[in-house]
Amino acid sequence: MENRGKDTLKNDFLKIHKTISHYDDWKSIVSTQNNGKIMAPYIPFEGKKYNEYKIMLYGTAQNISWNYDYRNELINNSDKCMERLYYDKKFKKKYPLENISYNQIGIGPYACGILPALIGIFIFAKFGKKISQINVIHDYITMTNYYKYSLHTKTKDINPDKIDNTELKSKFKKEYLRINDELVKKETCYFAPKYIISFNGRKNIVLSKNKNIELYVINDPAWIKRGGSKMFSTGGKWYKIAKKYNKDPINELIDLYLKKIKNNEYEKLKDKIKIYLLFYYDQWKIK
């Protein structure tokens with residue numbers, strides 16, 4: 001998106017943001033605040049080669065607790081918050097004028113390395129293009145979270161996809177979902193993706209309504225940490241599918257990606273991550 005388009009999208013986001021009516025309810029639960037004001041929603045990150053494939057990636061939401069260092073960085077750089085995904089964690093470098101590493105992009109499952117690897121697998125499976133350097137994969141995609149406002153009480157994160165199961169006021173829940181849905185409709189109109197890769201959740205009810213987009217629903221990598229519903233165990237469904245590719249050249253690419261996963265939560269789970277990646281390769285590759 002050219003700068004003119006980016007500024008237009010920001011202005012459109014601000015117009016939607018200003019329609020928040022139950023302001024006090026939002027202030028009590030939306031964690032990214034600045035001097036009592038709710039931070040404006042952030043626009044998607046756009047890779048400089050996005051138009052080559054027009055792939056859009058959706059996570060769910062940022063988990064920004066009240067005492068999180070990143071929240072302080074957002075407060076101290078409030079003028080940059082709407083473009084926060086373009087900056088490194090310290091808001092010193094800005095893409096695309098300066099390259100930033102995948103682990104500097106403020107979407108946790110992407111920063112840990114699993115989602116860049118998954119996008120690399122998608123591009124190889126669909127288009128036959130092998131991207132060996134995991135640090136350039138975000139050049140080819142647009143990415144963001146579906147929900148632009150982090151929900152967090154003083155003690156715990158709230159998953160917006162499960163907001164109906166919370167004790168939050170019904171008026172707030174209805175308005176919160178409406179505004180985020182409007183923001184997503186606006187950004188998908190701007191970016192006109194051909195493919196969307198999205199985590200499971202209610203968000204896909206909205207995304208699936210656009211018949212010009214191929215929607216691919218995936219499990220949040222956090223599911224791997226929770227055991228993967230025994231799918232990774234010997235004899236599990238995903239294990240069996242991955243085993244078919246024991247001698248397939250795709251393993252060389254996956255092994256390159258796995259070397260870049262340095263996140264402490266995932267480093268001991270690389271065998272399961274490999275199964276996760278091979279399962280989606282099987283789903284996406286041209287038969």
# chains A, B, ... in the order shown; residues from 1 in each chain; ligands from 1
call {"tool": "residues_around", "arguments": {"residues": "Asp79 (chain A)", "least_positions_apart": "2", "cutoff": "12 Å", "atoms": "only C-alpha atoms", "output": "list in words"}}
result
Asn34, Met39, Ala40, Tyr42, Glu73, Leu74, Ile75, Asn76, Asn77, Cys81, Met82, Glu83, Arg84 and Phe91 of chain A
call {"tool": "write_last_selection", "arguments": {"atoms": "N, CA and C atoms", "output": "compact mmCIF listing (two decimals), in the first residue's frame"}}
result
# COMPACT_ATOMS: atom_id res chain seq x y z
N ASN A 34 -3.61 5.12 27.20
CA ASN A 34 -2.60 6.17 27.30
C ASN A 34 -3.27 7.37 27.97
N MET A 39 -6.22 3.57 23.11
CA MET A 39 -5.37 3.71 21.93
C MET A 39 -6.13 3.33 20.67
N ALA A 40 -5.85 4.06 19.61
CA ALA A 40 -6.51 3.81 18.33
C ALA A 40 -6.09 2.44 17.78
N TYR A 42 -4.67 -0.45 15.29
CA TYR A 42 -3.49 -0.44 14.43
C TYR A 42 -3.79 -1.08 13.09
N GLU A 73 6.18 0.85 26.07
CA GLU A 73 6.72 1.33 24.80
C GLU A 73 5.60 1.95 23.95
N LEU A 74 4.42 1.34 23.97
CA LEU A 74 3.28 1.89 23.23
C LEU A 74 2.88 3.25 23.79
N ILE A 75 2.85 3.35 25.09
CA ILE A 75 2.47 4.61 25.72
C ILE A 75 3.50 5.70 25.40
N ASN A 76 4.77 5.33 25.41
CA ASN A 76 5.83 6.31 25.15
C ASN A 76 5.97 6.66 23.67
N ASN A 77 5.31 5.90 22.80
CA ASN A 77 5.37 6.15 21.36
C ASN A 77 3.96 6.18 20.77
N CYS A 81 1.55 4.33 17.31
CA CYS A 81 0.80 3.12 17.68
C CYS A 81 -0.05 2.55 16.56
N MET A 82 -0.58 3.40 15.70
CA MET A 82 -1.42 2.87 14.63
C MET A 82 -0.61 2.08 13.60
N GLU A 83 0.70 2.32 13.56
CA GLU A 83 1.58 1.58 12.66
C GLU A 83 2.54 0.71 13.46
N ARG A 84 2.11 0.28 14.63
CA ARG A 84 3.02 -0.41 15.55
C ARG A 84 3.65 -1.67 14.97
N PHE A 91 10.76 0.66 18.86
CA PHE A 91 10.26 1.74 18.01
C PHE A 91 11.39 2.59 17.43
call {"tool": "residues_around", "arguments": {"residues": "Asn145 (chain A)", "least_positions_apart": "3", "cutoff": "10 Å", "atoms": "only C-alpha atoms", "output": "PDB file with C-alpha atoms, in the first residue's frame"}}
result
ATOM      1  CA  TYR A  42      -3.487  -0.444  14.434  1.00  0.00           C
ATOM      2  CA  ILE A  43      -3.341  -1.043  10.702  1.00  0.00           C
ATOM      3  CA  PRO A  44      -1.926  -4.264   9.179  1.00  0.00           C
ATOM      4  CA  PHE A  45       1.730  -4.806   8.418  1.00  0.00           C
ATOM      5  CA  LEU A  57      -2.398 -13.558   7.890  1.00  0.00           C
ATOM      6  CA  TYR A  58      -4.698 -13.099  10.876  1.00  0.00           C
ATOM      7  CA  GLY A  59      -3.806 -13.808  14.474  1.00  0.00           C
ATOM      8  CA  THR A  60      -6.337 -13.158  17.213  1.00  0.00           C
ATOM      9  CA  ALA A  61      -5.211 -10.285  19.459  1.00  0.00           C
ATOM     10  CA  GLN A  62      -2.213  -8.896  21.274  1.00  0.00           C
ATOM     11  CA  GLY A 106       4.453  -7.493  17.501  1.00  0.00           C
ATOM     12  CA  ILE A 107       2.421 -10.632  16.809  1.00  0.00           C
ATOM     13  CA  LYS A 148      -7.272  -4.510  17.319  1.00  0.00           C
ATOM     14  CA  TYR A 149      -7.872  -3.873  21.022  1.00  0.00           C
ATOM     15  CA  SER A 150      -6.162  -6.031  23.641  1.00  0.00           C
ATOM     16  CA  VAL A 184     -11.511  -5.958   9.360  1.00  0.00           C
ATOM     17  CA  SER A 198      -6.521 -17.284  10.030  1.00  0.00           C
ATOM     18  CA  PHE A 199      -6.575 -18.853  13.467  1.00  0.00           C
TER      19      PHE A 199
END
call {"tool": "residues_around", "arguments": {"residues": "Lys54 (chain A)", "least_positions_apart": "5", "cutoff": "8 Å", "atoms": "only C-alpha atoms", "output": "PyMOL selection string"}}
result
chain A and resi 140-142+191-195
call {"tool": "closest_residue", "arguments": {"among": "A:Lys259, A:Lys129, A:His138, A:Arg178", "to": "Ile100 (chain A)", "atoms": "only C-alpha atoms"}}
result
A:His138
call {"tool": "atom_distance", "arguments": {"atom1": "CA of Lys15 (chain A)", "atom2": "CA of Tyr70 (chain A)"}}
result
25.7 Å
call {"tool": "residues_around", "arguments": {"residues": "region 233-243 of chain A", "least_positions_apart": "6", "cutoff": "7 Å", "atoms": "only C-alpha atoms", "output": "PyMOL selection string"}}
result
chain A and resi 275+278-279
call {"tool": "write_last_selection", "arguments": {"atoms": "C-alpha atoms", "output": "tab-separated table (two decimals), in the first residue's frame"}}
result
chain	number	residue	atom	x	y	z
A	275	ILE	CA	4.49	-32.35	12.59
A	278	LEU	CA	4.03	-31.10	7.71
A	279	PHE	CA	0.32	-31.50	8.40
call {"tool": "closest_residue", "arguments": {"among": "A:Lys173, A:His152, A:Lys225, A:Lys186", "to": "Ile273 (chain A)", "atoms": "only C-alpha atoms"}}
result
A:Lys225
call {"tool": "atom_distance", "arguments": {"atom1": "CA of Asn51 (chain A)", "atom2": "CA of Glu214 (chain A)"}}
result
15.6 Å
call {"tool": "atom_distance", "arguments": {"atom1": "CA of Ile29 (chain A)", "atom2": "CA of Glu182 (chain A)"}}
result
20.1 Å
call {"tool": "residues_around", "arguments": {"residues": "Leu118 (chain A)", "least_positions_apart": "5", "cutoff": "9 Å", "atoms": "only C-alpha atoms", "output": "count of residues only"}}
result
6
